[in-house]
file coords_20.pdb (PDB, C-alpha atoms, pLDDT in the B column)
ATOM      1  CA  MET A 222      10.517  -7.530  -6.279  1.00 94.00           C
ATOM      2  CA  ARG A 223       7.079  -7.818  -4.755  1.00 96.00           C
ATOM      3  CA  LYS A 224       4.890  -6.202  -2.126  1.00 95.00           C
ATOM      4  CA  ALA A 225       6.295  -8.475   0.586  1.00 96.00           C
ATOM      5  CA  ASP A 226       9.850  -7.315  -0.196  1.00 96.00           C
ATOM      6  CA  ILE A 227       8.818  -3.682   0.175  1.00 97.00           C
ATOM      7  CA  ALA A 228       7.068  -4.445   3.482  1.00 96.00           C
ATOM      8  CA  ASN A 229      10.194  -6.220   4.641  1.00 96.00           C
ATOM      9  CA  GLU A 230      12.342  -3.183   3.925  1.00 96.00           C
ATOM     10  CA  ILE A 231       9.968  -1.000   5.902  1.00 96.00           C
ATOM     11  CA  TYR A 232      10.090  -3.502   8.749  1.00 95.00           C
ATOM     12  CA  GLN A 233      13.874  -3.215   8.787  1.00 95.00           C
ATOM     13  CA  LYS A 234      13.995   0.574   8.581  1.00 94.00           C
ATOM     14  CA  VAL A 235      11.183   1.548  10.953  1.00 93.00           C
ATOM     15  CA  GLY A 236      10.411  -0.107  14.272  1.00 85.00           C
ATOM     16  CA  VAL A 237       7.161  -1.797  13.272  1.00 92.00           C
ATOM     17  CA  SER A 238       6.138  -5.455  13.146  1.00 94.00           C
ATOM     18  CA  LYS A 239       6.081  -7.316   9.834  1.00 95.00           C
ATOM     19  CA  LYS A 240       2.294  -7.378   9.994  1.00 95.00           C
ATOM     20  CA  GLU A 241       2.118  -3.628  10.559  1.00 95.00           C
ATOM     21  CA  ALA A 242       4.595  -2.990   7.743  1.00 96.00           C
ATOM     22  CA  SER A 243       2.478  -4.957   5.299  1.00 96.00           C
ATOM     23  CA  ASP A 244      -0.736  -3.253   6.523  1.00 96.00           C
ATOM     24  CA  ILE A 245       0.869   0.153   5.949  1.00 96.00           C
ATOM     25  CA  VAL A 246       1.885  -0.821   2.405  1.00 97.00           C
ATOM     26  CA  GLU A 247      -1.712  -1.915   1.705  1.00 96.00           C
ATOM     27  CA  PHE A 248      -3.039   1.331   3.172  1.00 96.00           C
ATOM     28  CA  ILE A 249      -0.798   3.426   0.919  1.00 97.00           C
ATOM     29  CA  LEU A 250      -1.660   1.408  -2.195  1.00 97.00           C
ATOM     30  CA  ASP A 251      -5.390   1.706  -1.448  1.00 97.00           C
ATOM     31  CA  LEU A 252      -4.921   5.443  -0.958  1.00 97.00           C
ATOM     32  CA  LEU A 253      -3.156   5.816  -4.314  1.00 97.00           C
ATOM     33  CA  LYS A 254      -5.848   3.762  -6.041  1.00 97.00           C
ATOM     34  CA  SER A 255      -8.663   5.848  -4.570  1.00 97.00           C
ATOM     35  CA  VAL A 256      -6.975   9.101  -5.626  1.00 97.00           C
ATOM     36  CA  LEU A 257      -6.567   7.794  -9.191  1.00 97.00           C
ATOM     37  CA  GLN A 258     -10.123   6.514  -9.192  1.00 97.00           C
ATOM     38  CA  LYS A 259     -11.258  10.092  -8.528  1.00 96.00           C
ATOM     39  CA  GLY A 260      -9.304  11.064 -11.626  1.00 96.00           C
ATOM     40  CA  GLU A 261      -6.724  13.024  -9.657  1.00 97.00           C
ATOM     41  CA  PRO A 262      -2.966  12.788 -10.305  1.00 98.00           C
ATOM     42  CA  VAL A 263      -0.439  11.356  -7.850  1.00 98.00           C
ATOM     43  CA  LYS A 264       2.836  13.291  -7.873  1.00 98.00           C
ATOM     44  CA  ILE A 265       5.886  11.805  -6.227  1.00 98.00           C
ATOM     45  CA  ALA A 266       8.918  14.085  -6.229  1.00 96.00           C
ATOM     46  CA  GLY A 267      12.043  12.238  -7.398  1.00 95.00           C
ATOM     47  CA  PHE A 268       9.946   9.368  -8.754  1.00 98.00           C
ATOM     48  CA  GLY A 269       7.284  10.520 -11.180  1.00 98.00           C
ATOM     49  CA  ASN A 270       3.648  11.390 -11.755  1.00 98.00           C
ATOM     50  CA  PHE A 271       0.667   9.094 -12.230  1.00 98.00           C
ATOM     51  CA  MET A 272      -2.087  10.677 -14.296  1.00 97.00           C
ATOM     52  CA  VAL A 273      -5.499   9.513 -15.403  1.00 97.00           C
ATOM     53  CA  ARG A 274      -6.345  10.048 -19.053  1.00 96.00           C
ATOM     54  CA  SER A 275      -9.639   9.559 -20.798  1.00 94.00           C
ATOM     55  CA  LYS A 276      -9.660   7.828 -24.145  1.00 92.00           C
ATOM     56  CA  GLY A 277     -12.471   7.992 -26.622  1.00 93.00           C
ATOM     57  CA  ALA A 278     -14.129   5.134 -28.482  1.00 93.00           C
ATOM     58  CA  ARG A 279     -12.159   3.716 -31.384  1.00 92.00           C
ATOM     59  CA  LYS A 280     -12.132   0.730 -33.637  1.00 93.00           C
ATOM     60  CA  GLY A 281      -9.723  -2.074 -33.048  1.00 92.00           C
ATOM     61  CA  ARG A 282      -9.060  -5.453 -34.521  1.00 91.00           C
ATOM     62  CA  ASN A 283      -8.660  -8.853 -33.025  1.00 90.00           C
ATOM     63  CA  PRO A 284      -5.052  -9.472 -34.081  1.00 89.00           C
ATOM     64  CA  ARG A 285      -5.636 -13.204 -34.330  1.00 90.00           C
ATOM     65  CA  THR A 286      -8.771 -13.240 -36.466  1.00 90.00           C
ATOM     66  CA  GLY A 287      -8.542  -9.790 -38.069  1.00 87.00           C
ATOM     67  CA  GLN A 288     -12.137  -9.177 -37.077  1.00 91.00           C
ATOM     68  CA  GLU A 289     -13.019  -5.549 -36.396  1.00 91.00           C
ATOM     69  CA  ILE A 290     -14.298  -4.754 -32.910  1.00 91.00           C
ATOM     70  CA  GLY A 291     -15.307  -1.553 -31.140  1.00 91.00           C
ATOM     71  CA  ILE A 292     -13.198  -0.348 -28.213  1.00 91.00           C
ATOM     72  CA  THR A 293     -15.310   1.468 -25.642  1.00 91.00           C
ATOM     73  CA  PRO A 294     -14.254   4.834 -24.132  1.00 94.00           C
ATOM     74  CA  ARG A 295     -12.168   4.292 -21.021  1.00 93.00           C
ATOM     75  CA  ARG A 296      -9.871   5.843 -18.492  1.00 96.00           C
ATOM     76  CA  VAL A 297      -6.246   4.754 -18.273  1.00 96.00           C
ATOM     77  CA  VAL A 298      -3.379   5.488 -15.900  1.00 97.00           C
ATOM     78  CA  THR A 299      -0.164   6.820 -17.379  1.00 97.00           C
ATOM     79  CA  PHE A 300       3.101   7.173 -15.525  1.00 98.00           C
ATOM     80  CA  ARG A 301       5.663   9.838 -16.354  1.00 98.00           C
ATOM     81  CA  PRO A 302       8.961   9.112 -14.658  1.00 98.00           C
ATOM     82  CA  SER A 303      10.875  12.070 -13.214  1.00 97.00           C
ATOM     83  CA  GLN A 304      14.283  13.097 -14.542  1.00 96.00           C
ATOM     84  CA  VAL A 305      15.848  11.615 -11.396  1.00 96.00           C
ATOM     85  CA  PHE A 306      14.211   8.225 -11.986  1.00 97.00           C
ATOM     86  CA  LYS A 307      15.294   8.244 -15.644  1.00 97.00           C
ATOM     87  CA  LYS A 308      18.881   8.795 -14.558  1.00 96.00           C
ATOM     88  CA  TYR A 309      18.654   5.798 -12.216  1.00 95.00           C
ATOM     89  CA  VAL A 310      17.920   3.358 -15.035  1.00 95.00           C
ATOM     90  CA  ASN A 311      20.795   4.764 -17.124  1.00 92.00           C
ATOM     91  CA  PRO A 312      23.795   4.518 -14.831  1.00 77.00           C
TER
ATOM     92  CA  MET B 175      -1.998  14.158  -4.330  1.00 97.00           C
ATOM     93  CA  THR B 176       1.667  14.772  -3.559  1.00 97.00           C
ATOM     94  CA  LYS B 177       4.156  12.730  -1.566  1.00 97.00           C
ATOM     95  CA  ALA B 178       3.868  15.170   1.348  1.00 97.00           C
ATOM     96  CA  GLN B 179       0.104  14.603   1.437  1.00 97.00           C
ATOM     97  CA  ILE B 180       0.554  10.829   1.396  1.00 97.00           C
ATOM     98  CA  ILE B 181       2.968  11.120   4.344  1.00 97.00           C
ATOM     99  CA  GLU B 182       0.344  13.222   6.130  1.00 96.00           C
ATOM    100  CA  LYS B 183      -2.350  10.570   5.570  1.00 97.00           C
ATOM    101  CA  VAL B 184      -0.065   7.777   6.751  1.00 96.00           C
ATOM    102  CA  SER B 185       0.798   9.562   9.985  1.00 95.00           C
ATOM    103  CA  GLU B 186      -2.917  10.275  10.603  1.00 95.00           C
ATOM    104  CA  LYS B 187      -3.843   6.638  10.016  1.00 94.00           C
ATOM    105  CA  VAL B 188      -0.935   4.926  11.766  1.00 93.00           C
ATOM    106  CA  THR B 189      -0.754   6.806  15.049  1.00 91.00           C
ATOM    107  CA  THR B 190       2.158   4.740  16.353  1.00 90.00           C
ATOM    108  CA  LEU B 191       4.443   6.288  13.739  1.00 93.00           C
ATOM    109  CA  THR B 192       6.113   9.659  14.102  1.00 93.00           C
ATOM    110  CA  LYS B 193       5.903  12.057  11.170  1.00 94.00           C
ATOM    111  CA  ARG B 194       9.541  11.309  10.410  1.00 95.00           C
ATOM    112  CA  GLN B 195       8.868   7.530  10.370  1.00 95.00           C
ATOM    113  CA  ALA B 196       5.888   8.019   8.063  1.00 96.00           C
ATOM    114  CA  GLU B 197       8.193   9.890   5.739  1.00 97.00           C
ATOM    115  CA  ILE B 198      10.724   7.051   5.802  1.00 97.00           C
ATOM    116  CA  VAL B 199       7.961   4.529   5.050  1.00 97.00           C
ATOM    117  CA  VAL B 200       6.702   6.423   1.994  1.00 97.00           C
ATOM    118  CA  ASN B 201      10.220   7.089   0.717  1.00 97.00           C
ATOM    119  CA  THR B 202      11.132   3.427   1.187  1.00 97.00           C
ATOM    120  CA  ILE B 203       8.304   2.303  -1.092  1.00 97.00           C
ATOM    121  CA  PHE B 204       9.279   4.504  -4.018  1.00 98.00           C
ATOM    122  CA  ASN B 205      13.029   4.217  -3.487  1.00 97.00           C
ATOM    123  CA  SER B 206      12.908   0.442  -3.434  1.00 96.00           C
ATOM    124  CA  ILE B 207      10.933   0.370  -6.697  1.00 97.00           C
ATOM    125  CA  ARG B 208      13.475   2.752  -8.226  1.00 97.00           C
ATOM    126  CA  ASP B 209      16.421   0.713  -6.942  1.00 96.00           C
ATOM    127  CA  SER B 210      14.957  -2.518  -8.328  1.00 97.00           C
ATOM    128  CA  LEU B 211      14.884  -1.037 -11.841  1.00 97.00           C
ATOM    129  CA  GLN B 212      18.398   0.282 -11.390  1.00 96.00           C
ATOM    130  CA  ARG B 213      19.534  -3.284 -10.660  1.00 95.00           C
ATOM    131  CA  GLY B 214      17.808  -4.433 -13.836  1.00 94.00           C
ATOM    132  CA  ASP B 215      15.085  -6.085 -11.769  1.00 96.00           C
ATOM    133  CA  LYS B 216      11.343  -5.332 -11.889  1.00 97.00           C
ATOM    134  CA  THR B 217       8.680  -4.736  -9.266  1.00 97.00           C
ATOM    135  CA  GLU B 218       5.227  -6.274  -9.456  1.00 97.00           C
ATOM    136  CA  ILE B 219       2.595  -4.984  -7.079  1.00 97.00           C
ATOM    137  CA  ARG B 220      -0.490  -7.138  -7.212  1.00 94.00           C
ATOM    138  CA  GLY B 221      -3.632  -5.073  -7.699  1.00 92.00           C
ATOM    139  CA  PHE B 222      -1.753  -1.898  -8.576  1.00 97.00           C
ATOM    140  CA  GLY B 223       0.672  -2.523 -11.409  1.00 97.00           C
ATOM    141  CA  SER B 224       4.209  -3.345 -12.382  1.00 98.00           C
ATOM    142  CA  PHE B 225       7.334  -1.318 -12.949  1.00 98.00           C
ATOM    143  CA  ARG B 226      10.083  -2.376 -15.304  1.00 97.00           C
ATOM    144  CA  SER B 227      12.569  -0.656 -17.552  1.00 96.00           C
ATOM    145  CA  ARG B 228      12.226  -0.730 -21.304  1.00 96.00           C
ATOM    146  CA  ALA B 229      14.944  -0.268 -23.897  1.00 95.00           C
ATOM    147  CA  ARG B 230      14.690   2.632 -26.340  1.00 93.00           C
ATOM    148  CA  ARG B 231      16.670   2.356 -29.579  1.00 95.00           C
ATOM    149  CA  MET B 232      19.059   5.055 -30.724  1.00 93.00           C
ATOM    150  CA  LYS B 233      17.269   7.578 -32.893  1.00 91.00           C
ATOM    151  CA  GLU B 234      17.915  10.690 -34.960  1.00 92.00           C
ATOM    152  CA  GLY B 235      16.606  13.811 -33.312  1.00 90.00           C
ATOM    153  CA  ARG B 236      16.732  17.468 -34.165  1.00 90.00           C
ATOM    154  CA  ASN B 237      17.681  20.530 -32.241  1.00 89.00           C
ATOM    155  CA  PRO B 238      14.362  22.406 -32.477  1.00 89.00           C
ATOM    156  CA  LYS B 239      16.115  25.780 -32.383  1.00 90.00           C
ATOM    157  CA  THR B 240      18.770  25.241 -35.061  1.00 91.00           C
ATOM    158  CA  GLY B 241      17.286  22.325 -37.003  1.00 87.00           C
ATOM    159  CA  ALA B 242      20.610  20.494 -36.773  1.00 89.00           C
ATOM    160  CA  THR B 243      20.397  16.689 -36.713  1.00 91.00           C
ATOM    161  CA  VAL B 244      21.609  15.125 -33.503  1.00 91.00           C
ATOM    162  CA  SER B 245      21.662  11.482 -32.576  1.00 90.00           C
ATOM    163  CA  VAL B 246      19.799  10.516 -29.423  1.00 90.00           C
ATOM    164  CA  PRO B 247      21.591   7.533 -27.881  1.00 91.00           C
ATOM    165  CA  ALA B 248      19.876   4.254 -27.004  1.00 94.00           C
ATOM    166  CA  LYS B 249      18.703   4.255 -23.408  1.00 94.00           C
ATOM    167  CA  ARG B 250      16.443   2.591 -20.900  1.00 96.00           C
ATOM    168  CA  VAL B 251      13.286   4.243 -19.570  1.00 96.00           C
ATOM    169  CA  PRO B 252      11.177   3.382 -16.526  1.00 98.00           C
ATOM    170  CA  PHE B 253       7.807   1.932 -17.552  1.00 98.00           C
ATOM    171  CA  PHE B 254       4.641   1.402 -15.514  1.00 98.00           C
ATOM    172  CA  LYS B 255       1.866  -0.938 -16.518  1.00 98.00           C
ATOM    173  CA  ALA B 256      -1.378  -0.634 -14.575  1.00 97.00           C
ATOM    174  CA  GLY B 257      -2.652  -3.844 -12.991  1.00 97.00           C
ATOM    175  CA  LYS B 258      -6.005  -5.435 -13.703  1.00 96.00           C
ATOM    176  CA  GLU B 259      -7.612  -4.270 -10.470  1.00 96.00           C
ATOM    177  CA  LEU B 260      -6.538  -0.648 -10.996  1.00 96.00           C
ATOM    178  CA  LYS B 261      -7.762  -0.680 -14.603  1.00 96.00           C
ATOM    179  CA  GLU B 262     -11.147  -2.005 -13.527  1.00 96.00           C
ATOM    180  CA  LEU B 263     -11.389   0.504 -10.679  1.00 96.00           C
ATOM    181  CA  LEU B 264     -11.039   3.371 -13.140  1.00 95.00           C
ATOM    182  CA  ASN B 265     -13.789   2.067 -15.399  1.00 93.00           C
ATOM    183  CA  LYS B 266     -16.511   1.130 -12.979  1.00 86.00           C
TER
END
call {"tool": "encode", "arguments": {"input": "coords_20.pdb", "output": "structure tokens"}}
result
Amino acid sequence: MRKADIANEIYQKVGVSKKEASDIVEFILDLLKSVLQKGEPVKIAGFGNFMVRSKGARKGRNPRTGQEIGITPRRVVTFRPSQVFKKYVNP
Amino acid sequence: MTKAQIIEKVSEKVTTLTKRQAEIVVNTIFNSIRDSLQRGDKTEIRGFGSFRSRARRMKEGRNPKTGATVSVPAKRVPFFKAGKELKELLNK
């Protein structure tokens, strides 16, 4: 499934044009990205939580050459699915 | 930010929608991602990330209270992988 499929479902459920539906999807995704960029969590009841975690510098290796390289500190997004979501994938 | 706050933002931005419609829109996004994984499908959202389900093998666990060994059955878990654009956004 892709963004267009989600927009299409919105188009069918709510009385908006296809263009509007896809604009709304973009708006929501941009909103979620900007919240995460601020380092704040996104919590969706019945779905799960997106959190931003900071990771320190560490040493890694190029798996192909075995050469050691430094990995810079960075922020990553983690997703913790809710209990409800977990049940969905285990019918 | 919670789902209720997202619904609030959507109804502020898209004035043609009622509050109830904004709620349906937001629920539709997350429900359709969830349903795709239930079907064994995946969802790829360009610029944000992808959702798929991953298999977890059966493992031996322990009841932390009694110390008794219990077997945790194999299962599938929802998995999110952040997209390139989102990763870069967080490290600018």
call {"tool": "atom_distance", "arguments": {"input": "coords_20.pdb", "atom1": "CA of Pro238 in chain B", "atom2": "CA of Lys264 in chain A"}}
result
28.7 Å
call {"tool": "closest_residue", "arguments": {"input": "coords_20.pdb", "among": "A:Glu247, A:Gly281, A:Pro262, A:Ser275", "to": "chain B", "atoms": "only C-alpha atoms"}}
result
A:Pro262
call {"tool": "resolve_selection", "arguments": {"input": "coords_20.pdb", "expression": "the PyMOL selection byres ((chain A) within 8 of (chain B))", "output": "PyMOL selection string"}}
result
chain A and resi 222-224+227+230-231+234-235+245-246+248-250+254+256-258+261-266+268+295-300+302+306-307+309-312
call {"tool": "write_last_selection", "arguments": {"input": "coords_20.pdb", "atoms": "C-alpha atoms", "output": "PDB file, in the coordinates of the input"}}
result
ATOM      1  CA  MET A 222      10.517  -7.530  -6.279  1.00 94.00           C
ATOM      2  CA  ARG A 223       7.079  -7.818  -4.755  1.00 96.00           C
ATOM      3  CA  LYS A 224       4.890  -6.202  -2.126  1.00 95.00           C
ATOM      4  CA  ILE A 227       8.818  -3.682   0.175  1.00 97.00           C
ATOM      5  CA  GLU A 230      12.342  -3.183   3.925  1.00 96.00           C
ATOM      6  CA  ILE A 231       9.968  -1.000   5.902  1.00 96.00           C
ATOM      7  CA  LYS A 234      13.995   0.574   8.581  1.00 94.00           C
ATOM      8  CA  VAL A 235      11.183   1.548  10.953  1.00 93.00           C
ATOM      9  CA  ILE A 245       0.869   0.153   5.949  1.00 96.00           C
ATOM     10  CA  VAL A 246       1.885  -0.821   2.405  1.00 97.00           C
ATOM     11  CA  PHE A 248      -3.039   1.331   3.172  1.00 96.00           C
ATOM     12  CA  ILE A 249      -0.798   3.426   0.919  1.00 97.00           C
ATOM     13  CA  LEU A 250      -1.660   1.408  -2.195  1.00 97.00           C
ATOM     14  CA  LYS A 254      -5.848   3.762  -6.041  1.00 97.00           C
ATOM     15  CA  VAL A 256      -6.975   9.101  -5.626  1.00 97.00           C
ATOM     16  CA  LEU A 257      -6.567   7.794  -9.191  1.00 97.00           C
ATOM     17  CA  GLN A 258     -10.123   6.514  -9.192  1.00 97.00           C
ATOM     18  CA  GLU A 261      -6.724  13.024  -9.657  1.00 97.00           C
ATOM     19  CA  PRO A 262      -2.966  12.788 -10.305  1.00 98.00           C
ATOM     20  CA  VAL A 263      -0.439  11.356  -7.850  1.00 98.00           C
ATOM     21  CA  LYS A 264       2.836  13.291  -7.873  1.00 98.00           C
ATOM     22  CA  ILE A 265       5.886  11.805  -6.227  1.00 98.00           C
ATOM     23  CA  ALA A 266       8.918  14.085  -6.229  1.00 96.00           C
ATOM     24  CA  PHE A 268       9.946   9.368  -8.754  1.00 98.00           C
ATOM     25  CA  ARG A 295     -12.168   4.292 -21.021  1.00 93.00           C
ATOM     26  CA  ARG A 296      -9.871   5.843 -18.492  1.00 96.00           C
ATOM     27  CA  VAL A 297      -6.246   4.754 -18.273  1.00 96.00           C
ATOM     28  CA  VAL A 298      -3.379   5.488 -15.900  1.00 97.00           C
ATOM     29  CA  THR A 299      -0.164   6.820 -17.379  1.00 97.00           C
ATOM     30  CA  PHE A 300       3.101   7.173 -15.525  1.00 98.00           C
ATOM     31  CA  PRO A 302       8.961   9.112 -14.658  1.00 98.00           C
ATOM     32  CA  PHE A 306      14.211   8.225 -11.986  1.00 97.00           C
ATOM     33  CA  LYS A 307      15.294   8.244 -15.644  1.00 97.00           C
ATOM     34  CA  TYR A 309      18.654   5.798 -12.216  1.00 95.00           C
ATOM     35  CA  VAL A 310      17.920   3.358 -15.035  1.00 95.00           C
ATOM     36  CA  ASN A 311      20.795   4.764 -17.124  1.00 92.00           C
ATOM     37  CA  PRO A 312      23.795   4.518 -14.831  1.00 77.00           C
TER      38      PRO A 312
END
call {"tool": "closest_residue", "arguments": {"input": "coords_20.pdb", "among": "B:Glu234, B:Glu197, B:Thr192, B:Ser185", "to": "Pro247 in chain B", "atoms": "only C-alpha atoms"}}
result
B:Glu234
call {"tool": "atom_distance", "arguments": {"input": "coords_20.pdb", "atom1": "CA of Phe271 in chain A", "atom2": "CA of Lys308 in chain A"}}
result
18.4 Å
call {"tool": "atom_distance", "arguments": {"input": "coords_20.pdb", "atom1": "CA of Asp251 in chain A", "atom2": "CA of Gly267 in chain A"}}
result
21.2 Å
call {"tool": "residues_around", "arguments": {"input": "coords_20.pdb", "residues": "Thr293 in chain A", "least_positions_apart": "6", "cutoff": "8 Å", "atoms": "all atoms listed in the file", "output": "ChimeraX atom specification"}}
result
/A:277-279
call {"tool": "build_atoms", "arguments": {"input": "coords_20.pdb", "residues": "range 235-253 of chain B", "atoms": "N, CA, C and O atoms", "output": "PDB file, keeping the file's coordinate frame"}}
result
ATOM      1  N   GLY B 235      17.466  12.735 -33.770  1.00 90.00           N
ATOM      2  CA  GLY B 235      16.606  13.811 -33.312  1.00 90.00           C
ATOM      3  C   GLY B 235      17.056  15.103 -33.944  1.00 90.00           C
ATOM      4  O   GLY B 235      17.999  15.127 -34.733  1.00 90.00           O
ATOM      5  N   ARG B 236      16.364  16.175 -33.625  1.00 90.00           N
ATOM      6  CA  ARG B 236      16.732  17.468 -34.165  1.00 90.00           C
ATOM      7  C   ARG B 236      16.751  18.504 -33.060  1.00 90.00           C
ATOM      8  O   ARG B 236      15.899  18.475 -32.172  1.00 90.00           O
ATOM      9  N   ASN B 237      17.694  19.381 -33.134  1.00 89.00           N
ATOM     10  CA  ASN B 237      17.681  20.530 -32.241  1.00 89.00           C
ATOM     11  C   ASN B 237      16.581  21.463 -32.741  1.00 89.00           C
ATOM     12  O   ASN B 237      16.665  21.970 -33.843  1.00 89.00           O
ATOM     13  N   PRO B 238      15.508  21.646 -31.966  1.00 89.00           N
ATOM     14  CA  PRO B 238      14.362  22.406 -32.477  1.00 89.00           C
ATOM     15  C   PRO B 238      14.725  23.859 -32.792  1.00 89.00           C
ATOM     16  O   PRO B 238      14.086  24.500 -33.617  1.00 89.00           O
ATOM     17  N   LYS B 239      15.752  24.380 -32.160  1.00 90.00           N
ATOM     18  CA  LYS B 239      16.115  25.780 -32.383  1.00 90.00           C
ATOM     19  C   LYS B 239      16.915  25.949 -33.688  1.00 90.00           C
ATOM     20  O   LYS B 239      16.621  26.802 -34.504  1.00 90.00           O
ATOM     21  N   THR B 240      17.903  25.068 -33.889  1.00 91.00           N
ATOM     22  CA  THR B 240      18.770  25.241 -35.061  1.00 91.00           C
ATOM     23  C   THR B 240      18.412  24.322 -36.221  1.00 91.00           C
ATOM     24  O   THR B 240      18.815  24.571 -37.349  1.00 91.00           O
ATOM     25  N   GLY B 241      17.639  23.273 -35.953  1.00 87.00           N
ATOM     26  CA  GLY B 241      17.286  22.325 -37.003  1.00 87.00           C
ATOM     27  C   GLY B 241      18.385  21.323 -37.287  1.00 87.00           C
ATOM     28  O   GLY B 241      18.245  20.464 -38.154  1.00 87.00           O
ATOM     29  N   ALA B 242      19.498  21.420 -36.560  1.00 89.00           N
ATOM     30  CA  ALA B 242      20.610  20.494 -36.773  1.00 89.00           C
ATOM     31  C   ALA B 242      20.240  19.084 -36.311  1.00 89.00           C
ATOM     32  O   ALA B 242      19.562  18.923 -35.312  1.00 89.00           O
ATOM     33  N   THR B 243      20.667  18.076 -37.070  1.00 91.00           N
ATOM     34  CA  THR B 243      20.397  16.689 -36.713  1.00 91.00           C
ATOM     35  C   THR B 243      21.346  16.258 -35.590  1.00 91.00           C
ATOM     36  O   THR B 243      22.552  16.480 -35.667  1.00 91.00           O
ATOM     37  N   VAL B 244      20.780  15.665 -34.579  1.00 91.00           N
ATOM     38  CA  VAL B 244      21.609  15.125 -33.503  1.00 91.00           C
ATOM     39  C   VAL B 244      21.176  13.696 -33.261  1.00 91.00           C
ATOM     40  O   VAL B 244      20.026  13.341 -33.499  1.00 91.00           O
ATOM     41  N   SER B 245      22.096  12.850 -32.843  1.00 90.00           N
ATOM     42  CA  SER B 245      21.662  11.482 -32.576  1.00 90.00           C
ATOM     43  C   SER B 245      21.387  11.318 -31.092  1.00 90.00           C
ATOM     44  O   SER B 245      22.155  11.741 -30.237  1.00 90.00           O
ATOM     45  N   VAL B 246      20.200  10.762 -30.798  1.00 90.00           N
ATOM     46  CA  VAL B 246      19.799  10.516 -29.423  1.00 90.00           C
ATOM     47  C   VAL B 246      20.210   9.078 -29.103  1.00 90.00           C
ATOM     48  O   VAL B 246      19.785   8.153 -29.788  1.00 90.00           O
ATOM     49  N   PRO B 247      21.068   8.883 -28.129  1.00 91.00           N
ATOM     50  CA  PRO B 247      21.591   7.533 -27.881  1.00 91.00           C
ATOM     51  C   PRO B 247      20.512   6.563 -27.364  1.00 91.00           C
ATOM     52  O   PRO B 247      19.489   6.987 -26.834  1.00 91.00           O
ATOM     53  N   ALA B 248      20.757   5.283 -27.559  1.00 94.00           N
ATOM     54  CA  ALA B 248      19.876   4.254 -27.004  1.00 94.00           C
ATOM     55  C   ALA B 248      19.886   4.383 -25.491  1.00 94.00           C
ATOM     56  O   ALA B 248      20.901   4.750 -24.902  1.00 94.00           O
ATOM     57  N   LYS B 249      18.748   4.149 -24.866  1.00 94.00           N
ATOM     58  CA  LYS B 249      18.703   4.255 -23.408  1.00 94.00           C
ATOM     59  C   LYS B 249      17.593   3.383 -22.854  1.00 94.00           C
ATOM     60  O   LYS B 249      16.806   2.808 -23.600  1.00 94.00           O
ATOM     61  N   ARG B 250      17.523   3.311 -21.546  1.00 96.00           N
ATOM     62  CA  ARG B 250      16.443   2.591 -20.900  1.00 96.00           C
ATOM     63  C   ARG B 250      15.529   3.623 -20.244  1.00 96.00           C
ATOM     64  O   ARG B 250      15.992   4.657 -19.767  1.00 96.00           O
ATOM     65  N   VAL B 251      14.227   3.346 -20.241  1.00 96.00           N
ATOM     66  CA  VAL B 251      13.286   4.243 -19.570  1.00 96.00           C
ATOM     67  C   VAL B 251      12.402   3.445 -18.618  1.00 96.00           C
ATOM     68  O   VAL B 251      12.031   2.307 -18.903  1.00 96.00           O
ATOM     69  N   PRO B 252      12.074   4.050 -17.460  1.00 98.00           N
ATOM     70  CA  PRO B 252      11.177   3.382 -16.526  1.00 98.00           C
ATOM     71  C   PRO B 252       9.789   3.275 -17.167  1.00 98.00           C
ATOM     72  O   PRO B 252       9.341   4.199 -17.839  1.00 98.00           O
ATOM     73  N   PHE B 253       9.129   2.139 -16.963  1.00 98.00           N
ATOM     74  CA  PHE B 253       7.807   1.932 -17.552  1.00 98.00           C
ATOM     75  C   PHE B 253       6.859   1.339 -16.519  1.00 98.00           C
ATOM     76  O   PHE B 253       7.229   0.411 -15.795  1.00 98.00           O
TER      77      PHE B 253
END
